[in-house]
>>> print(open('run_32.txt').read())   # compact mmCIF, C-alpha atoms and all ligand atoms
# COMPACT_ATOMS: atom_id res chain seq x y z
CA MET Q 1 -63.19 -42.61 31.40
CA ALA Q 2 -66.21 -44.70 32.35
CA GLN Q 3 -69.53 -43.35 31.14
CA LEU Q 4 -73.10 -43.95 32.24
CA ARG Q 5 -74.73 -46.38 29.86
CA VAL Q 6 -78.49 -46.46 29.61
CA TYR Q 7 -79.62 -49.40 27.56
CA VAL Q 8 -83.21 -49.51 26.30
CA PRO Q 9 -83.65 -52.96 24.75
CA PRO Q 10 -85.64 -52.71 21.51
CA HIS Q 11 -87.72 -55.75 22.37
CA PRO Q 12 -91.40 -56.21 21.44
CA LEU Q 13 -92.24 -57.90 24.75
CA ILE Q 14 -90.77 -55.02 26.74
CA ARG Q 15 -92.68 -52.49 24.59
CA HIS Q 16 -95.86 -54.50 25.06
CA TRP Q 17 -95.65 -54.76 28.84
CA LEU Q 18 -94.57 -51.12 29.19
CA THR Q 19 -97.70 -50.05 27.30
CA VAL Q 20 -99.85 -52.25 29.55
CA ALA Q 21 -98.22 -50.63 32.61
CA ARG Q 22 -98.67 -47.10 31.28
CA ASP Q 23 -102.38 -47.52 30.48
CA LYS Q 24 -104.40 -45.97 33.30
CA ASN Q 25 -107.19 -48.50 32.74
CA THR Q 26 -104.95 -51.48 33.51
CA PRO Q 27 -106.22 -53.18 36.67
CA VAL Q 28 -103.90 -53.81 39.64
CA ALA Q 29 -103.29 -57.52 39.00
CA LEU Q 30 -102.40 -56.95 35.37
CA PHE Q 31 -100.20 -53.98 36.28
CA ARG Q 32 -98.24 -56.28 38.59
CA THR Q 33 -97.90 -58.84 35.80
CA ALA Q 34 -96.56 -56.12 33.51
CA MET Q 35 -94.01 -55.02 36.12
CA LYS Q 36 -92.90 -58.59 36.69
CA GLU Q 37 -92.50 -59.23 32.95
CA ILE Q 38 -90.50 -56.02 32.49
CA GLY Q 39 -88.35 -57.01 35.48
CA HIS Q 40 -87.76 -60.43 33.93
CA TRP Q 41 -86.71 -59.17 30.47
CA LEU Q 42 -84.59 -56.30 31.79
CA THR Q 43 -82.79 -58.71 34.12
CA TYR Q 44 -82.14 -61.00 31.17
CA GLU Q 45 -80.45 -58.06 29.43
CA ALA Q 46 -78.65 -56.81 32.54
CA ILE Q 47 -76.88 -60.05 33.38
CA ARG Q 48 -75.18 -60.26 29.98
CA GLU Q 49 -71.41 -59.74 30.43
CA TRP Q 50 -71.95 -59.26 34.16
CA LEU Q 51 -72.50 -62.70 35.63
CA PRO Q 52 -69.27 -64.68 35.55
CA VAL Q 53 -69.23 -68.20 34.16
CA GLN Q 54 -66.75 -70.99 34.69
CA GLU Q 55 -65.46 -73.52 32.23
CA VAL Q 56 -66.45 -77.09 32.98
CA ALA Q 57 -65.54 -80.36 31.42
CA ILE Q 58 -68.61 -82.41 30.47
CA GLU Q 59 -69.44 -85.26 28.22
CA THR Q 60 -72.33 -85.19 25.80
CA PRO Q 61 -73.67 -88.59 24.70
CA LEU Q 62 -71.24 -88.25 21.78
CA GLN Q 63 -68.00 -86.77 23.08
CA ALA Q 64 -66.15 -84.87 25.80
CA MET Q 65 -66.24 -81.09 25.58
CA THR Q 66 -65.83 -77.92 27.61
CA GLY Q 67 -68.99 -76.03 28.57
CA GLN Q 68 -69.81 -73.09 30.81
CA PHE Q 69 -71.81 -72.98 34.01
CA MET Q 70 -72.68 -69.90 36.01
CA ASP Q 71 -69.97 -69.35 38.61
CA VAL Q 72 -72.02 -69.93 41.74
CA SER Q 73 -69.17 -68.78 43.99
CA THR Q 74 -69.74 -65.17 42.89
CA PRO Q 75 -72.22 -63.48 45.24
CA ILE Q 76 -75.27 -61.92 43.64
CA ALA Q 77 -77.46 -59.40 45.45
CA ILE Q 78 -80.81 -58.01 44.37
CA VAL Q 79 -81.83 -54.77 46.08
CA PRO Q 80 -85.53 -54.04 45.51
CA ILE Q 81 -86.57 -50.47 46.34
CA LEU Q 82 -89.89 -50.68 48.15
CA ARG Q 83 -92.54 -50.57 47.46
CA ALA Q 84 -92.74 -50.63 43.68
CA GLY Q 85 -89.43 -52.48 43.31
CA LEU Q 86 -91.08 -55.56 44.81
CA ALA Q 87 -93.22 -55.86 41.71
CA ILE Q 88 -90.26 -56.02 39.31
CA MET Q 89 -88.18 -58.09 41.71
CA ASP Q 90 -90.41 -61.10 41.09
CA GLY Q 91 -89.17 -61.07 37.51
CA CYS Q 92 -85.51 -60.76 38.58
CA GLN Q 93 -85.74 -63.66 40.99
CA GLU Q 94 -86.97 -66.03 38.30
CA LEU Q 95 -83.64 -65.59 36.51
CA LEU Q 96 -81.41 -65.27 39.59
CA PRO Q 97 -82.89 -67.78 42.04
CA THR Q 98 -79.71 -68.00 44.12
CA ALA Q 99 -79.38 -64.23 44.65
CA SER Q 100 -79.65 -62.76 48.14
CA ILE Q 101 -82.45 -60.20 48.43
CA TYR Q 102 -81.72 -57.07 50.46
CA HIS Q 103 -84.88 -54.98 50.85
CA LEU Q 104 -84.61 -51.22 51.03
CA GLY Q 105 -87.68 -49.08 51.70
CA TRP Q 106 -87.78 -45.44 50.63
CA VAL Q 107 -90.67 -43.04 50.49
CA ARG Q 108 -90.70 -39.59 48.89
CA ASP Q 109 -92.14 -36.62 50.74
CA GLU Q 110 -94.89 -35.38 48.42
CA GLU Q 111 -94.01 -31.71 49.06
CA THR Q 112 -90.21 -31.64 49.18
CA LEU Q 113 -89.72 -34.80 47.03
CA GLU Q 114 -86.95 -35.82 49.44
CA ALA Q 115 -86.64 -39.55 49.99
CA SER Q 116 -86.43 -41.02 53.46
CA CYS Q 117 -85.48 -44.56 54.34
CA TYR Q 118 -87.91 -46.60 56.47
CA LEU Q 119 -86.47 -50.10 55.96
CA ASN Q 120 -82.86 -51.15 55.54
CA ARG Q 121 -82.02 -54.85 55.27
CA LEU Q 122 -78.62 -54.30 53.62
CA PRO Q 123 -75.65 -56.30 54.91
CA ASP Q 124 -73.03 -54.39 56.91
CA ARG Q 125 -70.54 -55.20 54.17
CA PHE Q 126 -70.85 -56.64 50.67
CA ALA Q 127 -68.31 -59.36 49.85
CA PRO Q 128 -65.76 -58.34 47.20
CA GLN Q 129 -66.98 -58.91 43.65
CA THR Q 130 -70.65 -58.97 44.66
CA ARG Q 131 -72.87 -58.28 41.68
CA VAL Q 132 -75.61 -55.91 42.84
CA LEU Q 133 -78.81 -55.54 40.83
CA ILE Q 134 -81.00 -52.65 41.96
CA ALA Q 135 -84.68 -53.10 41.13
CA GLU Q 136 -86.10 -49.56 41.09
CA PRO Q 137 -88.99 -48.99 38.67
CA MET Q 138 -88.91 -45.19 38.53
CA LEU Q 139 -85.84 -42.92 38.31
CA ALA Q 140 -87.45 -39.47 38.50
CA THR Q 141 -85.73 -36.65 40.42
CA GLY Q 142 -83.03 -39.17 41.32
CA GLY Q 143 -83.22 -38.60 45.08
CA THR Q 144 -84.09 -42.20 45.90
CA ILE Q 145 -81.49 -43.82 43.65
CA MET Q 146 -78.68 -41.48 44.75
CA SER Q 147 -79.35 -42.24 48.42
CA THR Q 148 -79.50 -45.94 47.59
CA LEU Q 149 -76.18 -45.87 45.73
CA GLU Q 150 -74.56 -44.01 48.60
CA MET Q 151 -75.67 -46.69 51.07
CA LEU Q 152 -74.46 -49.50 48.81
CA VAL Q 153 -71.05 -47.96 48.18
CA GLU Q 154 -70.62 -47.19 51.92
CA ARG Q 155 -71.05 -50.93 52.47
CA GLY Q 156 -68.36 -51.88 50.00
CA ALA Q 157 -70.36 -52.41 46.80
CA ASP Q 158 -68.24 -51.62 43.76
CA PRO Q 159 -70.07 -49.20 41.39
CA ALA Q 160 -68.59 -51.10 38.44
CA MET Q 161 -70.48 -54.21 39.62
CA ILE Q 162 -73.81 -52.41 40.18
CA ARG Q 163 -76.56 -52.55 37.57
CA ILE Q 164 -79.94 -50.86 37.77
CA ILE Q 165 -83.11 -52.04 36.14
CA CYS Q 166 -85.96 -49.57 35.93
CA VAL Q 167 -89.21 -49.31 34.04
CA VAL Q 168 -89.02 -45.62 33.21
CA CYS Q 169 -86.15 -43.24 33.83
CA ALA Q 170 -85.89 -39.50 33.32
CA PRO Q 171 -83.07 -37.00 32.67
CA PRO Q 172 -82.78 -35.47 36.18
CA ALA Q 173 -82.00 -38.87 37.73
CA LEU Q 174 -79.71 -39.89 34.87
CA GLN Q 175 -77.71 -36.66 35.17
CA LYS Q 176 -77.20 -37.16 38.90
CA ILE Q 177 -76.08 -40.76 38.49
CA ASN Q 178 -73.76 -39.82 35.65
CA GLN Q 179 -72.10 -37.10 37.72
CA GLN Q 180 -71.29 -39.32 40.66
CA TYR Q 181 -71.25 -42.88 39.34
CA PRO Q 182 -70.44 -42.64 35.64
CA GLY Q 183 -69.55 -46.34 35.29
CA ILE Q 184 -72.97 -47.67 36.19
CA ASN Q 185 -75.11 -49.50 33.63
CA ILE Q 186 -78.86 -48.91 33.59
CA PHE Q 187 -81.38 -51.10 31.79
CA ALA Q 188 -84.69 -49.34 31.21
CA ALA Q 189 -87.90 -50.04 29.33
CA ASN Q 190 -87.92 -46.36 28.32
CA ILE Q 191 -86.44 -42.92 28.93
CA ASP Q 192 -89.21 -40.34 29.35
CA GLU Q 193 -88.06 -36.75 28.88
CA VAL Q 194 -90.09 -34.89 31.52
CA VAL Q 195 -90.35 -34.78 35.31
CA ASP Q 196 -93.08 -32.32 36.24
CA GLN Q 197 -93.16 -29.90 39.18
CA LYS Q 198 -94.71 -32.53 41.43
CA GLY Q 199 -91.97 -35.04 40.66
CA TRP Q 200 -94.03 -37.22 38.27
CA ILE Q 201 -92.43 -38.70 35.21
CA VAL Q 202 -94.44 -37.67 32.11
CA PRO Q 203 -95.95 -39.55 30.33
CA GLY Q 204 -94.72 -42.11 32.88
CA LEU Q 205 -97.13 -44.55 34.43
CA GLY Q 206 -98.30 -42.72 37.52
CA ASP Q 207 -97.54 -43.83 41.05
CA ALA Q 208 -95.87 -47.21 40.57
CA GLY Q 209 -96.20 -48.25 44.22
CA ASP Q 210 -99.89 -47.39 44.45
CA ARG Q 211 -100.67 -49.06 41.14
CA ALA Q 212 -98.78 -52.23 42.09
CA PHE Q 213 -100.51 -52.59 45.43
CA GLY Q 214 -103.92 -50.99 44.81
CA THR Q 215 -103.49 -48.22 47.35
CA SER Q 216 -104.32 -45.09 45.33
O1 LIG Q 301 -86.34 -40.46 41.68
P1 LIG Q 301 -87.26 -40.06 42.78
O2 LIG Q 301 -87.85 -38.69 42.56
O3 LIG Q 301 -86.67 -40.20 44.14
O4 LIG Q 301 -88.55 -41.01 42.71
C1 LIG Q 301 -88.49 -42.38 42.54
C2 LIG Q 301 -89.16 -43.11 43.65
O5 LIG Q 301 -90.51 -42.71 43.78
C3 LIG Q 301 -91.32 -43.86 43.89
O6 LIG Q 301 -91.44 -44.32 45.18
P2 LIG Q 301 -92.53 -43.72 46.19
O7 LIG Q 301 -91.90 -42.71 47.09
O8 LIG Q 301 -93.73 -43.27 45.41
O9 LIG Q 301 -92.84 -44.96 47.09
P3 LIG Q 301 -93.71 -46.27 46.75
O10 LIG Q 301 -92.92 -47.10 45.78
O11 LIG Q 301 -93.85 -46.90 48.08
O12 LIG Q 301 -95.03 -45.82 46.18
C4 LIG Q 301 -90.61 -44.86 43.02
O13 LIG Q 301 -91.01 -46.19 43.24
C5 LIG Q 301 -89.18 -44.59 43.33
O14 LIG Q 301 -88.71 -45.34 44.43
O1 LIG Q 302 -93.77 -40.73 38.03
C1 LIG Q 302 -93.34 -41.19 39.11
C2 LIG Q 302 -92.25 -40.62 39.80
C3 LIG Q 302 -91.83 -41.19 40.95
N1 LIG Q 302 -92.47 -42.27 41.43
C4 LIG Q 302 -93.51 -42.83 40.79
O2 LIG Q 302 -94.08 -43.83 41.26
N2 LIG Q 302 -93.93 -42.27 39.65
>>> encode(input="run_32.txt", output="structure tokens")
Amino acid sequence: MAQLRVYVPPHPLIRHWLTVARDKNTPVALFRTAMKEIGHWLTYEAIREWLPVQEVAIETPLQAMTGQFMDVSTPIAIVPILRAGLAIMDGCQELLPTASIYHLGWVRDEETLEASCYLNRLPDRFAPQTRVLIAEPMLATGGTIMSTLEMLVERGADPAMIRIICVVCAPPALQKINQQYPGINIFAANIDEVVDQKGWIVPGLGDAGDRAFGTS
């Protein structure tokens, strides 16, 4: 049976930029750089064994050989979860310049922690085989990601083709995803153990959206 796989790449650049993002003294512009870098390196990891390639015959200056190009006929979708997902999306786009970007805006109610959708630019239907990369920096209570996954699957996205990149994830969200979508792969800079009563990941990095856009 498929099982949720959370991969935390043991990479010094990811550790470095995560620490920059966590530090409360990091200014807004540098925080955004850290998010973009984390998005870039996690995307690099996430597309391994996910993006199809095709064999092509080429000739080097010395001889004919078979190489591999990315199969550009396979649709790729990036779904950034606003607002904070925009900051990591910049890093995803550098590696997947031909991907379609489908923005999805969610905001959590500060009291109930329930997420509500205020922007939905998803297609009515995803083409078969579409690779969907969700850019969602924080998986805390899991409300936002579960609603997102429901909307994607309703529109024909195959959970086996969905990958999530996030900066920090926490057990409540991981448990919910595992229960309903056990085959999904998550690529995270870290798993933090605690979500407090107010829905904050601890130690976390605070409010990712506010810190990315200077709105605290
Ligand atoms: O797992 P959950 O408990 O649902 O929390 C995760 C969500 O919370 C944050 O968004 P927020 O509502 O703060 O919006 P913002 O990105 O616009 O600041 C974060 O960027 C996630 O989208
Ligand atoms: O710690 C958290 C939890 C949810 N959303 C954030 O931005 N930070």
>>> residues_around(input="run_32.txt", residues="Q:Gly85", least_positions_apart="4", cutoff="8 Å", atoms="all atoms listed in the file", output="short mmCIF file (atom, residue, chain, number, x, y, z; two decimals) with C-alpha atoms, in the frame of the given file")
data_model
loop_
_atom_site.label_atom_id
_atom_site.label_comp_id
_atom_site.auth_asym_id
_atom_site.auth_seq_id
_atom_site.Cartn_x
_atom_site.Cartn_y
_atom_site.Cartn_z
CA PRO Q 80 -85.53 -54.04 45.51
CA ILE Q 81 -86.57 -50.47 46.34
CA MET Q 89 -88.18 -58.09 41.71
CA ALA Q 135 -84.68 -53.10 41.13
CA GLU Q 136 -86.10 -49.56 41.09
CA PRO Q 137 -88.99 -48.99 38.67
#
>>> residues_around(input="run_32.txt", residues="Q:Ala34", least_positions_apart="3", cutoff="7 Å", atoms="all atoms listed in the file", output="VMD selection string")
chain Q and resid 17 to 18 20 to 21 30 to 31 37 to 38
>>> closest_atom_pairs(input="run_32.txt", of="chain Q", to="ligand LIG 302 (chain Q)", cutoff="10 Å", atoms="all atoms listed in the file", output="JSON lines")
{"residue": "Q:Arg83", "atom": "CA", "partner": "Q:LIG302", "partner_atom": "O2", "distance": 9.3}
{"residue": "Q:Ala84", "atom": "CA", "partner": "Q:LIG302", "partner_atom": "O2", "distance": 7.3}
{"residue": "Q:Val107", "atom": "CA", "partner": "Q:LIG302", "partner_atom": "N1", "distance": 9.3}
{"residue": "Q:Arg108", "atom": "CA", "partner": "Q:LIG302", "partner_atom": "N1", "distance": 8.1}
{"residue": "Q:Glu110", "atom": "CA", "partner": "Q:LIG302", "partner_atom": "C3", "distance": 9.9}
{"residue": "Q:Leu113", "atom": "CA", "partner": "Q:LIG302", "partner_atom": "C3", "distance": 9.1}
{"residue": "Q:Glu136", "atom": "CA", "partner": "Q:LIG302", "partner_atom": "N1", "distance": 9.7}
{"residue": "Q:Pro137", "atom": "CA", "partner": "Q:LIG302", "partner_atom": "O2", "distance": 7.7}
{"residue": "Q:Met138", "atom": "CA", "partner": "Q:LIG302", "partner_atom": "N1", "distance": 5.4}
{"residue": "Q:Leu139", "atom": "CA", "partner": "Q:LIG302", "partner_atom": "C3", "distance": 6.8}
{"residue": "Q:Ala140", "atom": "CA", "partner": "Q:LIG302", "partner_atom": "C2", "distance": 5.1}
{"residue": "Q:Thr141", "atom": "CA", "partner": "Q:LIG302", "partner_atom": "C3", "distance": 7.6}
{"residue": "Q:Gly142", "atom": "CA", "partner": "Q:LIG302", "partner_atom": "C3", "distance": 9.0}
{"residue": "Q:Gly143", "atom": "CA", "partner": "Q:LIG302", "partner_atom": "C3", "distance": 9.9}
{"residue": "Q:Thr144", "atom": "CA", "partner": "Q:LIG302", "partner_atom": "C3", "distance": 9.2}
{"residue": "Q:Val168", "atom": "CA", "partner": "Q:LIG302", "partner_atom": "O1", "distance": 8.3}
{"residue": "Q:Cys169", "atom": "CA", "partner": "Q:LIG302", "partner_atom": "C2", "distance": 8.9}
{"residue": "Q:Ala170", "atom": "CA", "partner": "Q:LIG302", "partner_atom": "C2", "distance": 9.1}
{"residue": "Q:Asp192", "atom": "CA", "partner": "Q:LIG302", "partner_atom": "O1", "distance": 9.8}
{"residue": "Q:Val194", "atom": "CA", "partner": "Q:LIG302", "partner_atom": "O1", "distance": 9.5}
{"residue": "Q:Val195", "atom": "CA", "partner": "Q:LIG302", "partner_atom": "O1", "distance": 7.4}
{"residue": "Q:Asp196", "atom": "CA", "partner": "Q:LIG302", "partner_atom": "O1", "distance": 8.6}
{"residue": "Q:Lys198", "atom": "CA", "partner": "Q:LIG302", "partner_atom": "C2", "distance": 8.6}
{"residue": "Q:Gly199", "atom": "CA", "partner": "Q:LIG302", "partner_atom": "C2", "distance": 5.7}
{"residue": "Q:Trp200", "atom": "CA", "partner": "Q:LIG302", "partner_atom": "O1", "distance": 3.5}
{"residue": "Q:Ile201", "atom": "CA", "partner": "Q:LIG302", "partner_atom": "O1", "distance": 3.7}
{"residue": "Q:Val202", "atom": "CA", "partner": "Q:LIG302", "partner_atom": "O1", "distance": 6.7}
{"residue": "Q:Pro203", "atom": "CA", "partner": "Q:LIG302", "partner_atom": "O1", "distance": 8.1}
{"residue": "Q:Gly204", "atom": "CA", "partner": "Q:LIG302", "partner_atom": "O1", "distance": 5.4}
{"residue": "Q:Leu205", "atom": "CA", "partner": "Q:LIG302", "partner_atom": "O1", "distance": 6.2}
{"residue": "Q:Gly206", "atom": "CA", "partner": "Q:LIG302", "partner_atom": "N2", "distance": 4.9}
{"residue": "Q:Asp207", "atom": "CA", "partner": "Q:LIG302", "partner_atom": "O2", "distance": 3.5}
{"residue": "Q:Ala208", "atom": "CA", "partner": "Q:LIG302", "partner_atom": "O2", "distance": 3.9}
{"residue": "Q:Gly209", "atom": "CA", "partner": "Q:LIG302", "partner_atom": "O2", "distance": 5.7}
{"residue": "Q:Asp210", "atom": "CA", "partner": "Q:LIG302", "partner_atom": "O2", "distance": 7.5}
{"residue": "Q:Arg211", "atom": "CA", "partner": "Q:LIG302", "partner_atom": "O2", "distance": 8.4}
{"residue": "Q:Ala212", "atom": "CA", "partner": "Q:LIG302", "partner_atom": "O2", "distance": 9.7}
>>> residues_around(input="run_32.txt", residues="Q:Glu94", least_positions_apart="5", cutoff="12 Å", atoms="only C-alpha atoms", output="ChimeraX atom specification")
/Q:36-37,39-44,78,88-89,99
>>> atom_distance(input="run_32.txt", atom1="atom CA of Q:Arg155", atom2="atom CA of Q:Leu82")
19.3 Å
>>> closest_residue(input="run_32.txt", among="Q:Pro52, Q:Pro171, Q:Gly214, Q:Gly67", to="Q:Arg32", atoms="only C-alpha atoms")
Q:Gly214
>>> atom_distance(input="run_32.txt", atom1="atom CA of Q:Gly183", atom2="atom CA of Q:Ile164")
11.6 Å
>>> closest_residue(input="run_32.txt", among="Q:Leu122, Q:Thr112, Q:Gln180, Q:Gly156", to="ligand LIG 301 (chain Q)", atoms="only C-alpha atoms and all ligand atoms")
Q:Thr112
>>> closest_residue(input="run_32.txt", among="Q:Ile14, Q:Ala115, Q:Leu104, Q:Cys166", to="ligand LIG 301 (chain Q)", atoms="all atoms listed in the file")
Q:Ala115
>>> residues_near_point(input="run_32.txt", point="(-83.4, -52.3, 32.0)", cutoff="6 Å", atoms="all atoms listed in the file", output="VMD selection string")
chain Q and resid 42 165 to 166 186 to 189
>>> residues_near_point(input="run_32.txt", point="(-69.2, -57.8, 50.3)", cutoff="12 Å", atoms="only C-alpha atoms", output="list of chain:residue names")
Q:Thr74, Q:Pro75, Q:Ile76, Q:Ala77, Q:Ser100, Q:Leu122, Q:Pro123, Q:Asp124, Q:Arg125, Q:Phe126, Q:Ala127, Q:Pro128, Q:Gln129, Q:Thr130, Q:Arg131, Q:Val132, Q:Leu152, Q:Val153, Q:Glu154, Q:Arg155, Q:Gly156, Q:Ala157, Q:Asp158, Q:Met161
